[in-house]
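Peer 1: coords-v3.cif is the file, holding mmCIF, C-alpha atoms and all ligand atoms:
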data_structure
#
loop_
_atom_site.label_atom_id
_atom_site.label_comp_id
_atom_site.auth_asym_id
_atom_site.auth_seq_id
_atom_site.Cartn_x
_atom_site.Cartn_y
_atom_site.Cartn_z
CA MET W 853 9.49 -0.03 37.52
CA THR W 854 12.37 1.25 35.44
CA THR W 855 12.99 1.31 31.72
CA GLY W 856 16.71 0.93 31.27
CA GLN W 857 18.36 3.43 33.62
CA GLN W 858 15.47 5.83 34.02
CA ALA W 859 12.36 5.71 36.20
CA ALA W 860 9.18 5.24 34.22
CA LEU W 861 6.94 8.24 33.76
CA MET W 862 4.06 6.06 32.66
CA ALA W 863 3.59 2.42 33.59
CA LEU W 864 0.88 -0.18 33.12
CA ARG W 865 1.15 -3.10 35.50
CA GLY W 866 -0.77 -6.31 34.96
CA ALA W 867 -3.32 -4.36 32.90
CA ARG W 868 -6.52 -6.20 32.09
CA ALA W 869 -9.27 -4.70 29.95
CA ALA W 870 -12.45 -6.03 28.35
CA TYR W 871 -15.30 -5.21 26.02
CA GLY W 872 -18.33 -6.62 27.83
CA ALA W 873 -17.60 -10.23 28.69
CA ILE W 874 -14.62 -10.46 26.34
CA THR W 875 -11.23 -9.76 27.90
CA VAL W 876 -8.78 -8.30 25.37
CA LEU W 877 -5.82 -7.35 27.61
CA HIS W 878 -4.66 -10.20 29.84
CA GLY W 879 -2.14 -8.66 32.23
CA VAL W 880 -0.02 -6.24 30.22
CA ASP W 881 3.13 -4.62 31.65
CA LEU W 882 4.50 -1.58 29.82
CA ALA W 883 6.66 1.31 30.97
CA VAL W 884 8.12 4.38 29.30
CA ALA W 885 10.52 6.98 30.68
CA PRO W 886 10.84 10.67 29.75
CA GLY W 887 12.90 11.02 26.57
CA GLN W 888 12.12 7.48 25.43
CA VAL W 889 10.09 6.01 22.58
CA LEU W 890 8.34 2.74 23.34
CA ALA W 891 6.92 0.94 20.29
CA LEU W 892 3.92 -1.30 20.94
CA LEU W 893 3.60 -3.61 17.97
CA GLY W 894 1.52 -6.57 16.96
CA PRO W 895 -1.09 -7.84 14.54
CA ASN W 896 -4.65 -6.68 14.01
CA GLY W 897 -6.88 -7.02 17.04
CA ALA W 898 -4.00 -7.66 19.46
CA GLY W 899 -5.26 -4.96 21.84
CA LYS W 900 -2.81 -2.17 21.01
CA SER W 901 -5.41 0.61 20.66
CA THR W 902 -7.17 -0.61 23.78
CA ALA W 903 -3.89 -0.31 25.71
CA LEU W 904 -3.46 3.29 24.51
CA ASN W 905 -7.05 4.11 25.43
CA VAL W 906 -6.46 2.67 28.90
CA VAL W 907 -3.46 4.98 29.39
CA ALA W 908 -5.57 7.95 28.20
CA GLY W 909 -8.36 7.03 30.63
CA ILE W 910 -10.84 6.40 27.82
CA HIS W 911 -11.12 2.68 28.49
CA ALA W 912 -11.39 1.33 32.04
CA LEU W 913 -9.14 -1.32 33.52
CA ILE W 914 -10.78 -4.40 35.01
CA GLY W 915 -7.53 -5.41 36.69
CA GLY W 916 -3.99 -4.19 37.20
CA SER W 917 -2.95 -0.57 37.52
CA LEU W 918 -1.88 2.61 35.73
CA HIS W 919 0.93 4.80 37.11
CA LEU W 920 1.96 8.31 36.18
CA GLY W 921 5.04 9.98 37.59
CA GLY W 922 5.30 7.27 40.23
CA ARG W 923 1.71 7.74 41.44
CA GLU W 924 -1.06 5.24 40.91
CA VAL W 925 -3.81 6.86 38.84
CA THR W 926 -5.93 3.80 38.05
CA GLY W 927 -9.52 4.86 37.36
CA ALA W 928 -8.67 8.56 36.84
CA ALA W 929 -10.93 10.36 34.35
CA ALA W 930 -9.61 11.09 30.86
CA ARG W 931 -9.75 14.87 31.46
CA ASP W 932 -7.69 14.53 34.65
CA LEU W 933 -5.08 12.42 32.87
CA ALA W 934 -5.03 14.98 30.05
CA ALA W 935 -4.51 17.76 32.61
CA ALA W 936 -1.63 15.71 34.04
CA GLY W 937 0.02 15.68 30.60
CA VAL W 938 -1.27 12.55 28.86
CA CYS W 939 -2.03 13.30 25.20
CA LEU W 940 -3.58 10.76 22.80
CA ILE W 941 -3.37 11.24 19.05
CA PRO W 942 -5.90 8.69 17.86
CA GLU W 943 -5.90 6.59 14.73
CA GLY W 944 -7.33 8.72 11.92
CA ARG W 945 -5.46 11.85 13.11
CA GLY W 946 -8.10 13.66 15.15
CA ILE W 947 -8.03 16.91 13.23
CA PHE W 948 -10.96 18.94 11.88
CA PRO W 949 -10.70 18.54 8.08
CA ASN W 950 -13.14 21.39 7.28
CA LEU W 951 -11.20 23.97 9.31
CA THR W 952 -7.97 25.64 8.27
CA VAL W 953 -4.61 24.70 9.74
CA ARG W 954 -4.65 27.86 11.84
CA GLU W 955 -8.18 27.23 13.12
CA ASN W 956 -7.21 23.66 14.05
CA LEU W 957 -4.34 25.07 16.10
CA TRP W 958 -6.42 27.85 17.66
CA MET W 959 -8.84 25.27 19.03
CA MET W 960 -6.04 24.20 21.35
CA THR W 961 -6.12 27.48 23.29
CA GLY W 962 -8.40 25.64 25.73
CA THR W 963 -5.18 24.15 27.12
CA GLY W 964 -4.16 27.57 28.50
CA ARG W 965 -1.66 28.62 25.82
CA ARG W 966 -2.14 31.71 23.66
CA ARG W 967 -2.74 31.43 19.92
CA ALA W 968 0.64 32.95 19.08
CA GLU W 969 2.48 30.51 21.34
CA ILE W 970 0.67 27.51 19.88
CA GLU W 971 1.42 28.68 16.35
CA GLN W 972 5.07 29.21 17.18
CA ILE W 973 5.47 25.71 18.62
CA ALA W 974 3.69 24.20 15.61
CA PHE W 975 5.45 26.24 12.92
CA ASP W 976 8.91 25.86 14.47
CA ARG W 977 8.62 22.08 14.38
CA PHE W 978 6.68 21.81 11.12
CA PRO W 979 7.52 24.81 8.88
CA VAL W 980 5.28 23.45 6.11
CA LEU W 981 2.27 24.13 8.36
CA HIS W 982 3.25 27.80 8.40
CA THR W 983 3.17 27.99 4.62
CA LYS W 984 -0.26 26.29 4.67
CA ALA W 985 -1.70 28.13 7.68
CA SER W 986 -4.78 29.33 5.77
CA GLN W 987 -5.37 26.08 3.91
CA VAL W 988 -8.33 23.85 4.78
CA ALA W 989 -6.73 20.95 6.66
CA GLY W 990 -8.56 18.20 4.80
CA THR W 991 -7.05 19.34 1.49
CA MET W 992 -3.46 18.81 2.68
CA SER W 993 -1.52 15.60 2.09
CA GLY W 994 -1.89 12.78 4.60
CA GLY W 995 1.58 13.43 5.99
CA GLU W 996 0.84 17.14 6.49
CA GLN W 997 -2.44 16.28 8.23
CA GLN W 998 -0.51 13.98 10.55
CA MET W 999 1.95 16.82 11.26
CA LEU W 1000 -1.02 19.00 12.19
CA ALA W 1001 -2.29 16.30 14.52
CA LEU W 1002 1.15 16.15 16.18
CA ALA W 1003 1.30 19.95 16.39
CA ARG W 1004 -2.10 20.02 18.10
CA GLY W 1005 -0.81 17.43 20.55
CA LEU W 1006 2.33 19.47 21.25
CA ALA W 1007 0.16 22.49 22.08
CA THR W 1008 -0.94 20.62 25.21
CA ASP W 1009 2.70 20.47 26.39
CA PRO W 1010 2.45 16.69 26.83
CA ALA W 1011 4.47 14.66 29.30
CA VAL W 1012 3.23 11.39 27.80
CA LEU W 1013 2.42 11.29 24.08
CA LEU W 1014 0.35 8.36 22.80
CA LEU W 1015 0.37 7.83 19.04
CA ASP W 1016 -1.97 5.37 17.34
CA GLU W 1017 -0.95 4.14 13.86
CA LEU W 1018 0.80 7.32 12.79
CA SER W 1019 1.82 5.62 9.53
CA MET W 1020 -1.70 4.73 8.41
CA GLY W 1021 -2.09 5.32 4.68
CA LEU W 1022 1.21 7.20 4.30
CA ALA W 1023 4.15 6.54 1.99
CA PRO W 1024 7.26 5.04 3.65
CA LEU W 1025 9.38 8.16 3.16
CA VAL W 1026 6.70 10.36 4.73
CA VAL W 1027 6.45 7.96 7.67
CA GLU W 1028 10.22 8.02 8.11
CA ARG W 1029 10.20 11.83 8.28
CA LEU W 1030 7.33 11.90 10.74
CA TYR W 1031 9.13 9.43 12.99
CA ALA W 1032 12.26 11.57 12.86
CA GLN W 1033 10.12 14.36 14.34
CA VAL W 1034 8.67 11.99 16.93
CA ALA W 1035 12.22 11.05 17.97
CA GLU W 1036 13.03 14.75 18.42
CA ILE W 1037 9.88 15.30 20.46
CA ALA W 1038 10.97 12.42 22.72
CA ARG W 1039 14.48 13.91 23.05
CA SER W 1040 12.89 17.09 24.39
CA GLY W 1041 11.86 15.00 27.42
CA VAL W 1042 8.48 13.56 26.44
CA ALA W 1043 7.66 9.89 27.10
CA VAL W 1044 6.29 8.56 23.81
CA LEU W 1045 4.26 5.37 23.36
CA VAL W 1046 3.68 4.49 19.71
CA VAL W 1047 1.30 1.83 18.45
CA GLU W 1048 1.97 0.43 15.00
CA GLN W 1049 0.90 -2.66 13.13
CA PHE W 1050 3.61 -2.39 10.50
CA ALA W 1051 6.73 -1.82 12.43
CA ALA W 1052 9.80 -1.06 10.38
CA ALA W 1053 9.85 2.75 10.57
CA VAL W 1054 9.14 3.01 14.26
CA LEU W 1055 11.74 0.40 15.19
CA ASP W 1056 14.42 2.66 13.75
CA ILE W 1057 13.69 5.32 16.37
CA ALA W 1058 12.35 3.25 19.29
CA ASP W 1059 14.40 2.76 22.46
CA HIS W 1060 12.30 -0.19 23.50
CA ALA W 1061 9.72 -2.37 21.79
CA ALA W 1062 6.97 -4.68 22.98
CA VAL W 1063 5.09 -7.20 20.86
CA LEU W 1064 1.46 -7.73 21.80
CA VAL W 1065 -0.39 -10.81 20.56
CA ARG W 1066 -3.99 -11.55 21.60
CA GLY W 1067 -3.74 -9.27 24.62
CA ARG W 1068 -0.41 -10.54 25.95
CA VAL W 1069 3.09 -9.11 25.61
CA VAL W 1070 5.00 -11.99 24.04
CA ARG W 1071 8.31 -10.17 23.76
CA GLN W 1072 9.87 -6.93 25.04
CA GLY W 1073 13.30 -5.49 24.60
CA HIS W 1074 15.68 -3.43 22.56
CA PRO W 1075 14.44 -3.17 18.95
CA ASP W 1076 17.49 -5.12 17.73
CA SER W 1077 17.02 -8.11 19.98
CA GLY W 1078 15.22 -10.40 17.60
CA ILE W 1079 12.04 -8.31 17.69
CA ARG W 1080 12.21 -7.72 13.93
CA SER W 1081 12.38 -11.43 13.16
CA GLU W 1082 9.64 -12.17 15.68
CA LEU W 1083 7.40 -9.64 13.92
CA ALA W 1084 8.28 -10.95 10.48
CA ALA W 1085 7.29 -14.42 11.60
CA LEU W 1086 4.04 -13.13 13.10
CA TYR W 1087 3.01 -11.27 9.97
CA LEU W 1088 4.05 -14.06 7.65
CA GLY W 1089 1.96 -16.42 9.71
CA SER W 1090 -1.10 -14.15 9.70
CA ASP W 1091 -3.88 -14.16 7.18
CA PRO W 1092 -3.50 -10.91 5.24
CA SER W 1093 -7.13 -11.00 4.01
P1 LIG M 1101 -6.25 -2.78 15.27
O1 LIG M 1101 -4.96 -2.35 14.72
O2 LIG M 1101 -7.03 -3.67 14.38
O3 LIG M 1101 -7.08 -1.65 15.86
P2 LIG M 1101 -5.44 -3.42 17.93
O4 LIG M 1101 -4.27 -4.26 18.26
O5 LIG M 1101 -5.36 -1.96 18.13
O6 LIG M 1101 -5.88 -3.74 16.47
P3 LIG M 1101 -7.82 -3.26 19.51
O7 LIG M 1101 -8.46 -2.29 18.58
O8 LIG M 1101 -7.35 -2.80 20.82
O9 LIG M 1101 -6.63 -4.01 18.77
O10 LIG M 1101 -8.83 -4.47 19.71
C1 LIG M 1101 -8.56 -5.57 20.57
C2 LIG M 1101 -9.75 -6.52 20.52
O11 LIG M 1101 -10.90 -5.87 21.05
C3 LIG M 1101 -10.12 -6.98 19.12
O12 LIG M 1101 -10.52 -8.32 19.17
C4 LIG M 1101 -11.31 -6.09 18.76
O13 LIG M 1101 -12.18 -6.76 17.89
C5 LIG M 1101 -11.96 -5.88 20.11
N1 LIG M 1101 -12.63 -4.58 20.18
C6 LIG M 1101 -12.07 -3.38 19.93
N2 LIG M 1101 -12.97 -2.39 20.11
C7 LIG M 1101 -14.12 -2.97 20.48
C8 LIG M 1101 -15.43 -2.51 20.82
N3 LIG M 1101 -15.72 -1.20 20.82
N4 LIG M 1101 -16.37 -3.42 21.15
C9 LIG M 1101 -16.08 -4.74 21.16
N5 LIG M 1101 -14.87 -5.26 20.87
C10 LIG M 1101 -13.90 -4.40 20.53
#
Take the structure in the file and give it back as C-alpha cells.
Ligand code: ATP
Peer 2:
Amino acid sequence: MTTGQQAALMALRGARAAYGAITVLHGVDLAVAPGQVLALLGPNGAGKSTALNVVAGIHALIGGSLHLGGREVTGAAARDLAAAGVCLIPEGRGIFPNLTVRENLWMMTGTGRRRAEIEQIAFDRFPVLHTKASQVAGTMSGGEQQMLALARGLATDPAVLLLDELSMGLAPLVVERLYAQVAEIARSGVAVLVVEQFAAAVLDIADHAAVLVRGRVVRQGHPDSGIRSELAALYLGSDPS
C-alpha cells in the first residue's frame, strides 16, 4: 500500500477489533509513510484510540493485519513493536507528575540512550523544558506537560509516532504550537499517526486525513478535500451532551 508517492511504513489492512462480543473496528484501512502526518478523526467512541492501541500492539486484532516496514507483524507483542520503533503517547500524556522534568527524561534510558543524549534531544526541541528541568512535572502547564510527553517519546528514536488527543484540555494557541513541533518531527522522517476528536489544528499540518465513524473509515484524503465540511456536519449532528 502506498500513501501518495511513498511506501507506507505502517499500514493497517481490514483491521477488525472488539471488546468481548462487541466489534468496534469493522475493517479499517490506514497507512502512513515516513515524513507524513496522518490525522485520524471522528466523534466520541468511533474507535480511534482502539486503532492506535492496535498499532502499538496493546489491543489484539480479530481480523485483518498490521504491517511495519513492509512486513506483516500482526499479533506481535507491544514490547517487540516498541523495539521496532512504534511509540504511543497515550491520552492523558503518560508522564510521571510527581517526578521532575529531568527524572521523567532519565526514565527513558531503558531505551539504550544515555541521559545526556536524551536531555539534548528534549531540550533542543523544547527549550522551555531545559529552563524547567528541576521542576516537578505535574506543576507545569498542560502544554509543557505535553511537550515532556513528546520529548519522552522522541527519546525512543521512534519510526512510528502515535499521538492520542494531544490537544486535550489545551488552549488553541498552545495546540497550534505543539502541532508545529509534531510537523517538524514528521519532517525528520518519522511516520506520525494523530488521533483527534476536534480536528482543526491537526488538519493544518496533516498530509492525509481519515474520518472514522462507528468503526468504519467513511472518508479519507487530503485535508482540503471536503474533510473539514464532513467533520463539521458530523459534529453538528452529534449530541454534545
Ligand atoms: P474517545 O475519544 O471517546 O476515546 P474513540 O474514537 O477513541 O473515542 P475508542 O475509545 O476506541 O473510541 O472506543 C471505541 C468503542 O469501544 C466505544 O464504543 C467504547 O465505548 C468501546 N470501548 C473502549 N474501551 C473499551 C473497554 N475497555 N471495554 C469495553 N468497551 C470499550
Peer 1: Skip region 969-984 of chain W itself and residues of its chain fewer than 6 positions away, then list as a PyMOL selection string all residues within 12 Å of it, counting only C-alpha atoms.
Peer 2: chain W and resi 952-963+990-993+995-1009+1029-1030+1032-1034+1036-1037+1040
Peer 1: Using all atoms listed in the file, determine which residues fall within 10 Å of ligand LIG 1101 (chain M), then list them as a count of residues only.
Peer 2: 36
Peer 1: In the coordinates of the file, take the point (7.3, 8.0, 22.7) and a cut-off of 9 Å; then, counting only C-alpha atoms, name each qualifying protein, DNA or RNA residue as an MDAnalysis selection string.
Peer 2: chainID W and resid 884:891 1012:1015 1034:1035 1037:1038 1042:1046 1058:1059
Peer 1: State, in Å with one decimal place, the distance from CA of Pro1010 (chain W) to CA of Val925 (chain W).
Peer 2: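 Value for the CA of Pro1010 (chain W)-CA of Val925 (chain W) distance: 16.7 Å.
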Peer 1: Tell me which of W:Val880, W:Val1026, W:Gly866, W:Leu913 sits closest to Val1063 (chain W), counting only C-alpha atoms.
Peer 2: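 Selected residue with least distance to Val1063 (chain W): W:Val880.
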Peer 1: Given the choices W:Val938, W:Val1069, W:Gly879, W:Arg931, which gets closest to Met862 (chain W) if the distance is worked out from all atoms listed in the file?
Peer 2: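 Looking at the shortest contact to Met862 (chain W), the residue is W:Val938.
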Peer 1: Report, in Å with one decimal, the straight-line distance from CA of Asn950 (chain W) to CA of Val988 (chain W).
Peer 2: 6.0 Å
Peer 1: Find the axis-aligned box for region 864-880 of chain W, covering all its listed atoms and adding 5 Å on each side, and write its centre and edge lengths in Å to one decimal as JSON.
Peer 2:
{"center_x": -8.6, "center_y": -5.3, "center_z": 30.4, "size_x": 29.5, "size_y": 20.3, "size_z": 20.1}
Peer 1: Interatomic distance between CA of Cys939 (chain W) and CA of Ile1079 (chain W)?
Peer 2: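 Between CA of Cys939 (chain W) and CA of Ile1079 (chain W) the gap works out to 26.9 Å.
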Peer 1: Nearest to Arg865 (chain W): which of W:His919, W:Ala928, W:Ile914, W:Ala908 is it, counting all atoms listed in the file?
Peer 2: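 Looking at the shortest contact to Arg865 (chain W), the residue is W:His919.
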Peer 1: Which residue out of W:Leu882, W:Leu1018, W:Ala989, W:Ala1052 has the minimum interatomic distance to Ser1081 (chain W) when all atoms listed in the file are used?
Peer 2: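 Checking each of W:Leu882, W:Leu1018, W:Ala989, W:Ala1052 against Ser1081 (chain W), counting all atoms listed in the file, the winner is W:Ala1052.
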